[in-house]
Amino acid sequence: MILKKLQSNIQKLFFKKKASSENLKFVDKGMNNSSLQNCTGLILSTSFYWVKKEQLPVKKVHEAKKLLPAIFDGSLPDGNYKYIAEYAEESGWFYIYAYDEEKIAEYLESIGIDLTKIKRFYFIQSFIKLIEKPVDLKNGYSLVNDNGIICKLPSEFIEDSVSLDEFLKLASNYKATNIYISKRLPFSVDRSSILKISAALFIAAVIYIVEYTTYYKAYNKLVLENKNLYEAYNIPKTGYQRRARIKKLESIKDEIISKRQIFSKLLRIPLNRKYEFIRKLTLSDKRVSIEISLHNDKNAEKIKKYLEKILTLKSIKVKSKIMKIKAEI
């Protein structure tokens, strides 16, 4: 359903649009082009393209594309050619076109046509079904249907013809394959191209929906996990609160590290390990209390000098070979 809708919308935009009878004009080299300035649709004469009528071993335009350059091989003057094909189902013939888009654009601009204002371009060959009688171009030439190929012949050899205005009136209600020109970049759109564009858009839409669904599920899971973490560890919700808590924790960490370093140094007090030992060591906030069992009183002075490098000593008492120290960090 979605693919059909996309195809329908693209067809409305790009494929075989009806041209307005007021704005559809015919252009040929050497004609009076004064009436072309305000048109929005142009039919290009046989002077702007080469065409061949061929029967190919395929039935689809997209299957014939790779064969198109070979059909004109060696038969075209130098140029940078594009190739397109139309398939007539009722007859089984392919109409193969070769055209130099740069030269077409250059000529149209040289006669004052603003390509950006032209909505539709057609080859006159696409209107083959309308040209039952020759079309008089009023420039000494007429368009003639010669066995399925539109060609231009001198009007002096034509007896019965219709006017160009009559033809354009019929053409305005006829659906023909159009060639789009955006500035100097012409391109054609056929049904196979529409199917490819529609399929690409459909696939892109499916990929987007799948990715969005996957992302949405992952996002919800992440939000839930985040919420659980906040609740489990009592994490503050605002950035200000989190920064304050981090600062406090860092301060506590620094204090603990400092105390550990001091405690480590206290455990390395220069004692006679054979006879002396620490009886008691208390570290509370910034206060330190130490009791040391001495071998004799002589080592007390050595211990005092060591502790002065680490702590701020408040009192030292030595009695009965017991040294008691009170200090602050």
# chains A, B, ... in the order shown; residues from 1 in each chain; ligands from 1
call {"tool": "residues_around", "arguments": {"residues": "range 24-34 of chain A", "least_positions_apart": "3", "cutoff": "12 Å", "atoms": "only C-alpha atoms", "output": "ChimeraX atom specification"}}
result
/A:17-21,37-49,104,107-113,118-124,127,135-143,152,163-174
call {"tool": "residues_around", "arguments": {"residues": "Lys314 in chain A", "least_positions_apart": "3", "cutoff": "9 Å", "atoms": "only C-alpha atoms", "output": "list in words"}}
result
Ile325, Lys326, Ala327 and Glu328 of chain A
call {"tool": "write_last_selection", "arguments": {"atoms": "N, CA and C atoms", "output": "short mmCIF file (atom, residue, chain, number, x, y, z; two decimals), in the first residue's frame"}}
result
data_model
loop_
_atom_site.label_atom_id
_atom_site.label_comp_id
_atom_site.auth_asym_id
_atom_site.auth_seq_id
_atom_site.Cartn_x
_atom_site.Cartn_y
_atom_site.Cartn_z
N ILE A 325 53.59 10.06 74.31
CA ILE A 325 53.65 11.24 73.45
C ILE A 325 52.23 11.64 73.07
N LYS A 326 51.95 12.93 73.18
CA LYS A 326 50.70 13.50 72.67
C LYS A 326 51.07 14.56 71.63
N ALA A 327 50.41 14.49 70.47
CA ALA A 327 50.77 15.40 69.37
C ALA A 327 49.55 15.66 68.48
N GLU A 328 49.77 16.55 67.53
CA GLU A 328 48.73 16.86 66.54
C GLU A 328 49.33 16.78 65.13
#
call {"tool": "residues_around", "arguments": {"residues": "Asp297 in chain A", "least_positions_apart": "5", "cutoff": "10 Å", "atoms": "only C-alpha atoms", "output": "list of chain:residue names"}}
result
A:Val318, A:Lys319, A:Ser320, A:Lys321, A:Ile322, A:Met323
call {"tool": "closest_residue", "arguments": {"among": "A:Ile158, A:Ile303, A:Val58, A:Ala70", "to": "Glu89 in chain A", "atoms": "only C-alpha atoms"}}
result
A:Val58
call {"tool": "residues_around", "arguments": {"residues": "Leu266 in chain A", "least_positions_apart": "5", "cutoff": "12 Å", "atoms": "only C-alpha atoms", "output": "PyMOL selection string"}}
result
chain A and resi 259-261+271+277-278+280-283+288-292+303-304+306-311+325+327+329
call {"tool": "closest_residue", "arguments": {"among": "A:Lys305, A:Asn80, A:Lys247, A:Ala300", "to": "Lys317 in chain A", "atoms": "only C-alpha atoms"}}
result
A:Ala300
call {"tool": "residues_around", "arguments": {"residues": "Leu76 in chain A", "least_positions_apart": "6", "cutoff": "12 Å", "atoms": "only C-alpha atoms", "output": "list in words"}}
result
Tyr49, Trp50, Val51, Lys52, Pro69, Ala70, Lys82, Tyr97, Ala98, Tyr99 and Asp100 of chain A
call {"tool": "select_by_dssp", "arguments": {"residues": "range 73-256 of chain A", "states": "alpha helix (DSSP H)", "output": "VMD selection string"}}
result
chain A and resid 101 to 110 164 to 171 191 to 232 239 to 256
call {"tool": "select_by_dssp", "arguments": {"residues": "range 143-313 of chain A", "states": "strand (DSSP E)", "output": "PyMOL selection string"}}
result
chain A and resi 143-146+149-154+162-163+179-182+185-188+277-284+287-293+312-313
call {"tool": "residues_around", "arguments": {"residues": "Ala85 in chain A", "least_positions_apart": "5", "cutoff": "8 Å", "atoms": "only C-alpha atoms", "output": "JSON, numbers by chain"}}
result
{"A": [61, 64, 65, 68, 94, 95, 96, 97]}
call {"tool": "write_last_selection", "arguments": {"atoms": "all heavy atoms", "output": "short mmCIF file (atom, residue, chain, number, x, y, z; two decimals), in the first residue's frame"}}
result
data_model
loop_
_atom_site.label_atom_id
_atom_site.label_comp_id
_atom_site.auth_asym_id
_atom_site.auth_seq_id
_atom_site.Cartn_x
_atom_site.Cartn_y
_atom_site.Cartn_z
N VAL A 61 11.88 -1.18 -21.20
CA VAL A 61 12.80 -0.07 -21.48
C VAL A 61 14.09 -0.22 -20.70
O VAL A 61 15.19 -0.01 -21.22
CB VAL A 61 12.12 1.28 -21.15
CG1 VAL A 61 13.13 2.42 -21.20
CG2 VAL A 61 10.98 1.55 -22.13
N ALA A 64 16.47 -2.50 -22.25
CA ALA A 64 17.05 -2.03 -23.51
C ALA A 64 18.15 -0.99 -23.31
O ALA A 64 18.93 -0.73 -24.23
CB ALA A 64 15.95 -1.43 -24.38
N LYS A 65 18.23 -0.41 -22.13
CA LYS A 65 19.16 0.70 -21.90
C LYS A 65 20.60 0.38 -22.26
O LYS A 65 21.30 1.18 -22.86
CB LYS A 65 19.06 1.17 -20.45
CG LYS A 65 17.84 2.02 -20.17
CD LYS A 65 17.85 2.54 -18.74
CE LYS A 65 16.65 3.44 -18.50
NZ LYS A 65 16.63 3.96 -17.11
N LEU A 68 21.41 0.68 -26.05
CA LEU A 68 21.17 1.91 -26.79
C LEU A 68 22.41 2.50 -27.44
O LEU A 68 22.37 2.86 -28.63
CB LEU A 68 20.50 2.95 -25.87
CG LEU A 68 19.18 2.52 -25.21
CD1 LEU A 68 18.56 3.69 -24.47
CD2 LEU A 68 18.21 1.97 -26.24
N PHE A 94 10.72 -0.32 -30.55
CA PHE A 94 11.38 0.64 -29.67
C PHE A 94 11.77 1.87 -30.49
O PHE A 94 12.26 1.75 -31.61
CB PHE A 94 12.66 0.04 -29.06
CG PHE A 94 12.42 -0.84 -27.87
CD1 PHE A 94 12.26 -2.21 -28.03
CD2 PHE A 94 12.36 -0.30 -26.59
CE1 PHE A 94 12.04 -3.03 -26.94
CE2 PHE A 94 12.14 -1.12 -25.49
CZ PHE A 94 11.98 -2.49 -25.66
N TYR A 95 11.54 3.05 -29.90
CA TYR A 95 12.03 4.29 -30.50
C TYR A 95 13.23 4.74 -29.66
O TYR A 95 13.09 5.06 -28.48
CB TYR A 95 10.94 5.35 -30.51
CG TYR A 95 9.83 5.03 -31.49
CD1 TYR A 95 8.71 4.30 -31.08
CD2 TYR A 95 9.92 5.42 -32.82
CE1 TYR A 95 7.70 3.98 -31.98
CE2 TYR A 95 8.90 5.11 -33.73
CZ TYR A 95 7.81 4.39 -33.30
OH TYR A 95 6.81 4.08 -34.19
N ILE A 96 14.40 4.71 -30.28
CA ILE A 96 15.65 4.99 -29.59
C ILE A 96 16.12 6.40 -29.93
O ILE A 96 16.26 6.74 -31.10
CB ILE A 96 16.76 3.98 -29.99
CG1 ILE A 96 16.19 2.55 -30.03
CG2 ILE A 96 17.93 4.10 -29.05
CD1 ILE A 96 15.64 2.06 -28.72
N TYR A 97 16.34 7.21 -28.90
CA TYR A 97 16.75 8.60 -29.10
C TYR A 97 18.21 8.79 -28.65
O TYR A 97 18.65 8.23 -27.64
CB TYR A 97 15.89 9.55 -28.27
CG TYR A 97 14.42 9.52 -28.59
CD1 TYR A 97 13.56 8.66 -27.92
CD2 TYR A 97 13.88 10.36 -29.56
CE1 TYR A 97 12.21 8.63 -28.19
CE2 TYR A 97 12.52 10.34 -29.85
CZ TYR A 97 11.69 9.47 -29.17
OH TYR A 97 10.35 9.45 -29.45
#
call {"tool": "closest_residue", "arguments": {"among": "A:Lys196, A:Lys302, A:Arg245, A:Lys286", "to": "Asn272 in chain A", "atoms": "only C-alpha atoms"}}
result
A:Lys302
